[in-house]
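To keep things clear, I will list the structure first and then write my remarks on it.
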Amino acid sequence: MVVTQMHFARQGQVTKEMAFVAEREGLDPELVRTEVARGRMILPANVHHLAMKLEPMAIGIASRCKINANIGNSAVSSGIDEEIGKLRLAVKHGSDTVMDLSTGKRIDEIREAILTASTVPIGTVPIYQAIEEVQAPTDLTADGLLDVIERQAQQGVDYITVHCGILRAFLPKTVDRITGIVSRGGALMAQWMLHHEKENPLYTHFDRLLEICRVHDVSLSLGDSLRPGCLADASDEAQFAEL
């Protein structure tokens, strides 16, 4: 069953979430609907998080600029109470969204607590959790990564950053870059591709990724992993700017 806000918008339906966003932003509800339908505005609102405390918000050209804050535990510090404290402090000081970038123990448990407590959308970088569940980054499999994404979607994660834009063909171009691959997720994906001599699994299994997101209404932040500002020459910059 299709449940996404974009689906409803393209069917001509102003959902209660769109109406809520319109009131928050001071916009006409029909404008919100048409912008969502065109793909120029998103409402990061996982259906499971909507059943909790989530207050829908919008990101897009027609809406106000938004602020994100990153939280999350590490292998050496923090737990549920500390992360909930970070969440509340971030929201108190104006964060419109919060990303849980936990890399330590009890990741699912911590995220569940964050989602339960949060009124703002929660995002993740799924590969961070995926590599914590294997011995080495190169042990990761496409199924393992997609399983983590589905588990996070089922928990209620509203948006995910997935590094789909870094492909095998681009890796030679990173050799002369001043700072290499500065994205952690992109570097992990590059390491995996070089080791296995295979294409980026998020690219080859993109249809499966979209299906998971469609079922739970998870928004995508597509990471290219190769930031043009660090390129060694202008000709390469022009190529990467198109990604």
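We name chains A, B, ... following the order of the structure tokens; residues begin at 1 in each chain, and ligands are numbered from 1 as shown.
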Next on the checklist: Please list as number ranges by chain every residue within 7 Å of stretch 133-143 of chain A, counting only C-alpha atoms and excluding residues in the same chain fewer than 6 positions away.
Outcome noted: A: 188, 192, 195, 201
Could I get the residues of stretch 101-216 of chain A with an atom no further than 6 Å from an atom of stretch 40-50 of chain A, each paired with its nearest atom pair and that distance in Å to one decimal, using only C-alpha atoms, sorted by chain and residue number, as JSON lines?
{"residue": "A:Gly156", "atom": "CA", "partner": "A:His49", "partner_atom": "CA", "distance": 4.7}
{"residue": "A:Asp158", "atom": "CA", "partner": "A:Asn46", "partner_atom": "CA", "distance": 4.7}
{"residue": "A:His216", "atom": "CA", "partner": "A:Asn46", "partner_atom": "CA", "distance": 5.7}
Checklist entry - How many Å lie between atom CA of A:Ser221 and atom CA of A:Tyr159, rounded to one decimal? => result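 Separation of atom CA of A:Ser221 and atom CA of A:Tyr159: 7.0 Å.
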Checklist entry - For A:Met99, which of A:Ala51, A:Ala190, A:Val215, A:Ile160 is the closest residue, counting only C-alpha atoms? => result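 Distance minimum relative to A:Met99 lands on A:Ile160.
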Checklist entry - Hey, what's within 10 Å of A:Leu115 if we count only C-alpha atoms and toss same-chain stuff fewer than 3 positions away? As a list in words, please? => result His48, His49, Met52, Lys53, Leu54, Ile84, Leu87, Asp100, Ile110, Arg111, Glu112, Ser118, Thr119, Val120, Pro121, Ile122, Gly123, Gln155, Gly156, Val157 and Asp158 of chain A
Keeping only C-alpha atoms, write those residues as a compact mmCIF listing (two decimals), in the first residue's frame.
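Generated output (again_28.txt):
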# COMPACT_ATOMS: atom_id res chain seq x y z
CA HIS A 48 5.57 5.06 12.47
CA HIS A 49 7.00 8.30 13.89
CA MET A 52 4.33 8.91 18.19
CA LYS A 53 5.08 12.59 18.89
CA LEU A 54 6.29 13.81 15.51
CA ILE A 84 17.74 12.23 25.07
CA LEU A 87 17.91 15.83 21.68
CA ASP A 100 21.24 10.10 15.27
CA ILE A 110 19.03 4.37 21.82
CA ARG A 111 17.34 5.25 18.55
CA GLU A 112 14.03 3.84 19.75
CA SER A 118 11.25 13.43 19.51
CA THR A 119 8.76 15.91 18.08
CA VAL A 120 11.13 16.69 15.18
CA PRO A 121 12.17 14.40 12.31
CA ILE A 122 15.04 12.02 13.06
CA GLY A 123 17.60 11.09 10.43
CA GLN A 155 11.61 1.98 13.94
CA GLY A 156 10.35 5.28 12.55
CA VAL A 157 13.43 7.03 11.13
CA ASP A 158 12.17 9.90 8.98
Checklist outcome for this item: Closest of A:Ser77, A:Ser225, A:Gln5, A:Thr103 to A:Thr161, counting only C-alpha atoms, is A:Ser225
Next on the checklist: If we count only C-alpha atoms and set the cut-off at 10 Å, which residues sit around A:Ile80, ignoring sequence neighbours fewer than 3 positions away in its own chain? Please answer as a ChimeraX atom specification.
Outcome noted: /A:72-73,83-86,106-107,109-114
Next on the checklist: Set the distance at 12 Å and use only C-alpha atoms: which residues neighbour A:Phe8 once local chain neighbours fewer than 3 positions away are removed? I'd like the list as a PyMOL selection string.
Outcome noted: chain A and resi 1-5+11-18+32-34+36-38+43+217
Strand (DSSP E) call set, DSSP backbone run, stretch 45-185 of chain A, as an mmCIF file with N, CA and C atoms, in the first residue's frame:
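Produced file states.cif, reproduced below:
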data_model
loop_
_atom_site.group_PDB
_atom_site.id
_atom_site.type_symbol
_atom_site.label_atom_id
_atom_site.label_comp_id
_atom_site.auth_asym_id
_atom_site.auth_seq_id
_atom_site.Cartn_x
_atom_site.Cartn_y
_atom_site.Cartn_z
ATOM 1 N N ILE A 59 10.759 20.818 4.301
ATOM 2 C CA ILE A 59 12.037 21.287 3.780
ATOM 3 C C ILE A 59 11.840 21.514 2.290
ATOM 4 N N GLY A 60 12.114 22.722 1.827
ATOM 5 C CA GLY A 60 11.929 23.000 0.409
ATOM 6 C C GLY A 60 12.070 24.475 0.094
ATOM 7 N N ASN A 68 19.672 21.637 11.256
ATOM 8 C CA ASN A 68 19.820 20.259 11.727
ATOM 9 C C ASN A 68 20.907 20.193 12.796
ATOM 10 N N ALA A 69 20.731 19.278 13.739
ATOM 11 C CA ALA A 69 21.760 19.017 14.757
ATOM 12 C C ALA A 69 22.089 17.530 14.741
ATOM 13 N N ASN A 70 23.357 17.202 14.940
ATOM 14 C CA ASN A 70 23.804 15.812 14.997
ATOM 15 C C ASN A 70 24.043 15.389 16.441
ATOM 16 N N ILE A 71 23.502 14.216 16.802
ATOM 17 C CA ILE A 71 23.764 13.641 18.114
ATOM 18 C C ILE A 71 24.152 12.179 17.900
ATOM 19 N N THR A 97 15.467 19.526 12.697
ATOM 20 C CA THR A 97 15.642 18.086 12.558
ATOM 21 C C THR A 97 16.876 17.682 13.356
ATOM 22 N N VAL A 98 16.949 16.396 13.681
ATOM 23 C CA VAL A 98 18.096 15.870 14.433
ATOM 24 C C VAL A 98 18.528 14.555 13.800
ATOM 25 N N MET A 99 19.834 14.378 13.644
ATOM 26 C CA MET A 99 20.358 13.110 13.134
ATOM 27 C C MET A 99 20.987 12.309 14.265
ATOM 28 N N ASP A 100 20.625 11.035 14.330
ATOM 29 C CA ASP A 100 21.238 10.100 15.272
ATOM 30 C C ASP A 100 22.366 9.383 14.544
ATOM 31 N N ILE A 122 13.754 12.624 12.708
ATOM 32 C CA ILE A 122 15.037 12.023 13.058
ATOM 33 C C ILE A 122 15.636 11.374 11.815
ATOM 34 N N GLY A 123 16.895 11.670 11.568
ATOM 35 C CA GLY A 123 17.597 11.091 10.431
ATOM 36 C C GLY A 123 18.764 10.235 10.876
ATOM 37 N N THR A 124 19.282 9.440 9.958
ATOM 38 C CA THR A 124 20.438 8.584 10.238
ATOM 39 C C THR A 124 21.316 8.481 8.995
ATOM 40 N N TYR A 159 14.287 10.205 7.801
ATOM 41 C CA TYR A 159 15.097 10.398 6.598
ATOM 42 C C TYR A 159 16.464 9.763 6.798
ATOM 43 N N ILE A 160 17.056 9.334 5.696
ATOM 44 C CA ILE A 160 18.360 8.677 5.757
ATOM 45 C C ILE A 160 19.282 9.272 4.706
ATOM 46 N N THR A 161 20.555 9.356 5.066
ATOM 47 C CA THR A 161 21.581 9.732 4.102
ATOM 48 C C THR A 161 22.215 8.469 3.558
ATOM 49 N N VAL A 162 22.117 8.286 2.258
ATOM 50 C CA VAL A 162 22.685 7.107 1.608
ATOM 51 C C VAL A 162 23.637 7.566 0.505
#
Next on the checklist: For A:Gly94, find every residue with an atom within 9 Å (counting only C-alpha atoms), except residues of its own chain fewer than 4 positions away, and show them as a ChimeraX atom specification.
Outcome noted: /A:67-68,89-90
Once you have the residues from the selection above, write them out as an mmCIF file, in the first residue's frame, restricted to all heavy atoms.
data_model
loop_
_atom_site.group_PDB
_atom_site.id
_atom_site.type_symbol
_atom_site.label_atom_id
_atom_site.label_comp_id
_atom_site.auth_asym_id
_atom_site.auth_seq_id
_atom_site.Cartn_x
_atom_site.Cartn_y
_atom_site.Cartn_z
ATOM 1 N N ILE A 67 17.317 24.055 10.280
ATOM 2 C CA ILE A 67 18.572 23.778 10.984
ATOM 3 C C ILE A 67 18.568 22.334 11.461
ATOM 4 O O ILE A 67 17.575 21.845 12.018
ATOM 5 C CB ILE A 67 18.741 24.715 12.193
ATOM 6 C CG1 ILE A 67 18.820 26.177 11.736
ATOM 7 C CG2 ILE A 67 19.988 24.347 13.002
ATOM 8 C CD1 ILE A 67 18.771 27.165 12.864
ATOM 9 N N ASN A 68 19.672 21.637 11.256
ATOM 10 C CA ASN A 68 19.820 20.259 11.727
ATOM 11 C C ASN A 68 20.907 20.193 12.796
ATOM 12 O O ASN A 68 21.886 20.939 12.756
ATOM 13 C CB ASN A 68 20.204 19.336 10.572
ATOM 14 C CG ASN A 68 20.488 17.924 11.052
ATOM 15 O OD1 ASN A 68 19.594 17.200 11.476
ATOM 16 N ND2 ASN A 68 21.753 17.523 11.012
ATOM 17 N N LEU A 89 18.007 19.404 24.200
ATOM 18 C CA LEU A 89 18.776 20.648 24.129
ATOM 19 C C LEU A 89 18.790 21.185 22.702
ATOM 20 O O LEU A 89 18.639 22.390 22.477
ATOM 21 C CB LEU A 89 20.203 20.393 24.616
ATOM 22 C CG LEU A 89 21.070 21.636 24.859
ATOM 23 C CD1 LEU A 89 20.480 22.497 25.967
ATOM 24 C CD2 LEU A 89 22.499 21.220 25.204
ATOM 25 N N ALA A 90 18.953 20.293 21.731
ATOM 26 C CA ALA A 90 18.972 20.717 20.331
ATOM 27 C C ALA A 90 17.639 21.343 19.929
ATOM 28 O O ALA A 90 17.593 22.411 19.302
ATOM 29 C CB ALA A 90 19.295 19.525 19.436
#
Item to check | Residue with smallest distance to A:Asn200 - pool A:Arg177, A:Arg64, A:His163, A:Arg10, counting only C-alpha atoms | outcome: A:His163
Checklist entry - Counting only C-alpha atoms, what is within 12 Å of A:Leu167, bar same-chain residues fewer than 5 positions away, as a list in words? => result Pro172, Lys173, Thr174, Gly186, Ala187, Met189, Ala190, Gln191, Trp192, Met193, Leu194, Glu197, Lys198, Glu199, Asn200, Pro201, Leu202, Tyr203, Thr204, Gly223, Asp224, Ser225, Leu226, Phe240 and Leu243 of chain A
Got time to write the residues from that selection, C-alpha atoms, as a compact mmCIF listing (two decimals), in the first residue's frame?
# COMPACT_ATOMS: atom_id res chain seq x y z
CA PRO A 172 40.38 7.04 -9.94
CA LYS A 173 39.40 10.70 -9.95
CA THR A 174 39.84 10.87 -6.19
CA GLY A 186 31.68 7.76 0.95
CA ALA A 187 35.09 6.54 2.08
CA MET A 189 31.71 2.73 0.31
CA ALA A 190 34.85 3.34 -1.74
CA GLN A 191 36.80 0.91 0.44
CA TRP A 192 34.10 -1.71 -0.11
CA MET A 193 34.07 -1.24 -3.89
CA LEU A 194 37.86 -1.41 -4.17
CA GLU A 197 35.74 -4.94 -7.29
CA LYS A 198 31.99 -4.42 -7.50
CA GLU A 199 29.66 -1.46 -8.02
CA ASN A 200 28.17 0.52 -5.16
CA PRO A 201 25.41 -1.74 -3.73
CA LEU A 202 23.18 1.23 -2.94
CA TYR A 203 23.31 2.09 -6.64
CA THR A 204 22.77 -1.44 -7.96
CA GLY A 223 25.02 11.68 -0.68
CA ASP A 224 27.40 12.02 -3.63
CA SER A 225 30.40 11.57 -1.26
CA LEU A 226 32.65 13.70 -3.49
CA PHE A 240 31.56 16.15 -10.26
CA LEU A 243 26.50 14.28 -9.86
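The interatomic distance for the pair atom CA of A:Asp176 and atom CA of A:Ala130 works out to 29.2 Å.
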